[in-house]
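Everything on this sheet refers to the single structure shown next.
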Amino acid sequence: MARAVLDFVFPPLCPGCGEYLDGEHPICGTCRGRFDTYEFPFCIRCRLQISVWPECPSCRCSLLPLFAYGNYVDPLKQVILEMKFRGMLDSIPELVDGLTETFGERIASRQADCLVPIPLHPAREYARGYNQALEIASALSCRLELPVQRGLLYRHAKRKPQQTLPAARRATNIRGVFDVAGSDLEGARVLLVDDIVTSGETAMEATRVLEAAGHRVVGVIALAHGL
């Protein structure tokens, strides 16, 4: 009832375009229709879309697939920025539904044991009030029937945000920021979860740290991928 009153006094706005919403969807139909969505996953190492398993035909590496819902351009970009920096989290379930509708079977084929959200530094998470990667992982957990291991990976160093740096500096900027907490899990098959993957350096560093601790990262899931 309180939500209905608030929606009447302050009508909800589409996070993609700012227009008033007149339906039950948290994103307007115009913006949903303009999303540039992906049909195939990417090789996170060479950033090319792939349709073969289990080896990337381009870089000839063992495949680490990135399952991204769409291209990081407007209006999806604006929806994610509103989610990330302004707390407009209502769009997450709808985006996750689209992602799992496209990639659900491929993700299941990775036979993961758990979802691990990319952590924020505690100071940044405190200031923001939430970790958007954790919110996405929680929505995915219901659809993929996988538990979320929130504390397995943590960030102990605070660095400049990756998106503010040129691509050449991102690998060194993210190096050494993560560590793995002690847990009862041994040799878990992990799906990493983040909101955006651009260069892939954050996911690759998280993969390096987790695999050094005896786990295996079998895929990465994100709402968007692009530069």
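Following the order of the structure tokens, first chain is A, next is B, and so on, with residues numbered from 1 inside each chain and ligands from 1 in the order they appear.
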| message | Residues near Phe103 (chain A), anyone? I mean within 9 Å using only C-alpha atoms, not counting same-chain ones fewer than 3 positions away, as a PyMOL selection string. | response | chain A and resi 39-41+67-69+98-100+106-108
Take the selection from the previous step and output its residues with N, CA, C and O atoms, as a PDB file, in the first residue's frame.
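See out-v3.pdb below for the written result:
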```pdb
ATOM      1  N   GLU A  39      23.529 -12.887 -28.405  1.00  0.00           N
ATOM      2  CA  GLU A  39      23.023 -14.253 -28.547  1.00  0.00           C
ATOM      3  C   GLU A  39      24.065 -15.290 -28.170  1.00  0.00           C
ATOM      4  O   GLU A  39      23.722 -16.443 -27.901  1.00  0.00           O
ATOM      5  N   PHE A  40      25.352 -14.901 -28.179  1.00  0.00           N
ATOM      6  CA  PHE A  40      26.424 -15.840 -27.886  1.00  0.00           C
ATOM      7  C   PHE A  40      27.324 -15.270 -26.795  1.00  0.00           C
ATOM      8  O   PHE A  40      27.448 -14.042 -26.665  1.00  0.00           O
ATOM      9  N   PRO A  41      27.954 -16.147 -26.033  1.00  0.00           N
ATOM     10  CA  PRO A  41      28.911 -15.665 -25.031  1.00  0.00           C
ATOM     11  C   PRO A  41      30.210 -15.205 -25.694  1.00  0.00           C
ATOM     12  O   PRO A  41      30.421 -15.415 -26.895  1.00  0.00           O
ATOM     13  N   PHE A  67      29.132 -14.540 -20.147  1.00  0.00           N
ATOM     14  CA  PHE A  67      27.728 -14.484 -20.530  1.00  0.00           C
ATOM     15  C   PHE A  67      27.216 -13.087 -20.197  1.00  0.00           C
ATOM     16  O   PHE A  67      26.985 -12.762 -19.031  1.00  0.00           O
ATOM     17  N   ALA A  68      27.076 -12.250 -21.210  1.00  0.00           N
ATOM     18  CA  ALA A  68      26.638 -10.870 -21.021  1.00  0.00           C
ATOM     19  C   ALA A  68      25.299 -10.668 -21.714  1.00  0.00           C
ATOM     20  O   ALA A  68      25.128 -11.060 -22.870  1.00  0.00           O
ATOM     21  N   TYR A  69      24.380 -10.024 -21.007  1.00  0.00           N
ATOM     22  CA  TYR A  69      23.047  -9.820 -21.556  1.00  0.00           C
ATOM     23  C   TYR A  69      23.077  -8.922 -22.781  1.00  0.00           C
ATOM     24  O   TYR A  69      22.453  -9.226 -23.804  1.00  0.00           O
ATOM     25  N   GLY A  98      16.069 -11.694 -18.774  1.00  0.00           N
ATOM     26  CA  GLY A  98      16.491 -11.717 -20.166  1.00  0.00           C
ATOM     27  C   GLY A  98      17.784 -12.480 -20.354  1.00  0.00           C
ATOM     28  O   GLY A  98      17.944 -13.238 -21.326  1.00  0.00           O
ATOM     29  N   LEU A  99      18.702 -12.300 -19.440  1.00  0.00           N
ATOM     30  CA  LEU A  99      19.997 -12.984 -19.531  1.00  0.00           C
ATOM     31  C   LEU A  99      19.830 -14.501 -19.424  1.00  0.00           C
ATOM     32  O   LEU A  99      20.391 -15.257 -20.224  1.00  0.00           O
ATOM     33  N   THR A 100      19.057 -14.942 -18.433  1.00  0.00           N
ATOM     34  CA  THR A 100      18.907 -16.392 -18.235  1.00  0.00           C
ATOM     35  C   THR A 100      18.039 -17.024 -19.316  1.00  0.00           C
ATOM     36  O   THR A 100      18.201 -18.208 -19.628  1.00  0.00           O
ATOM     37  N   ARG A 106      23.292 -22.777 -21.436  1.00  0.00           N
ATOM     38  CA  ARG A 106      24.751 -22.739 -21.558  1.00  0.00           C
ATOM     39  C   ARG A 106      25.407 -22.549 -20.190  1.00  0.00           C
ATOM     40  O   ARG A 106      26.444 -23.143 -19.906  1.00  0.00           O
ATOM     41  N   ILE A 107      24.802 -21.706 -19.366  1.00  0.00           N
ATOM     42  CA  ILE A 107      25.345 -21.504 -18.018  1.00  0.00           C
ATOM     43  C   ILE A 107      25.245 -22.802 -17.224  1.00  0.00           C
ATOM     44  O   ILE A 107      26.197 -23.190 -16.535  1.00  0.00           O
ATOM     45  N   ALA A 108      24.122 -23.483 -17.323  1.00  0.00           N
ATOM     46  CA  ALA A 108      23.956 -24.746 -16.593  1.00  0.00           C
ATOM     47  C   ALA A 108      24.990 -25.779 -17.026  1.00  0.00           C
ATOM     48  O   ALA A 108      25.447 -26.602 -16.210  1.00  0.00           O
TER      49      ALA A 108
END
```
So that each row is one residue of region 130-225 of chain A with an atom at most 9 Å from region 77-94 of chain A, can you give its shortest atom pair and the distance in Å to one decimal, using only C-alpha atoms, rows by chain and rising number, as CSV?
```
residue,atom,partner,partner_atom,distance
A:Tyr130,CA,A:Gly87,CA,8.2
A:Asn131,CA,A:Lys84,CA,8.3
A:Gln132,CA,A:Lys84,CA,6.1
A:Glu135,CA,A:Ile92,CA,7.7
A:Ile136,CA,A:Ile92,CA,6.3
A:Ala139,CA,A:Pro93,CA,6.1
A:Leu140,CA,A:Pro93,CA,8.4
A:Asp195,CA,A:Ile80,CA,7.5
A:Ile196,CA,A:Ile80,CA,8.2
A:Leu223,CA,A:Ile80,CA,8.1
A:Ala224,CA,A:Lys77,CA,7.8
```
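If you look at CA of Gln49 (chain A) and CA of Val220 (chain A), they are 13.7 Å away from each other.
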| What does the distance from CA of Ala206 (chain A) to CA of Val177 (chain A) come to in Å, to one decimal? |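 Taking CA of Ala206 (chain A) as the start and CA of Val177 (chain A) as the end point, the length is 8.8 Å.
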| said: With distances taken over only C-alpha atoms, which residue among A:Val52, A:Leu153, A:Ile174, A:Leu21 lies nearest Met204 (chain A)? | reply: A:Ile174
| message | So the first atom is CA of Val197 (chain A) and the second is CA of His225 (chain A); what is the distance between them in Å, to one decimal place? | response | 4.9 Å
| Distance query Arg32 (chain A) at most 9 Å, only C-alpha atoms, self and fewer than 5 positions along chain excluded, as a VMD selection string | chain A and resid 16 27 75 to 76
| task | Counting only C-alpha atoms, figure out which residue out of A:Val180, A:Leu66, A:Cys43, A:Cys28 gets nearest to Gly219 (chain A). | result |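 The answer is A:Leu66, which sits nearest to Gly219 (chain A).
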| said: From a backbone DSSP assignment, name each residue in region 123-219 of chain A labelled strand (DSSP E or B), as a ChimeraX atom specification. | reply: /A:148,153-155,178-180,189-197,216-219
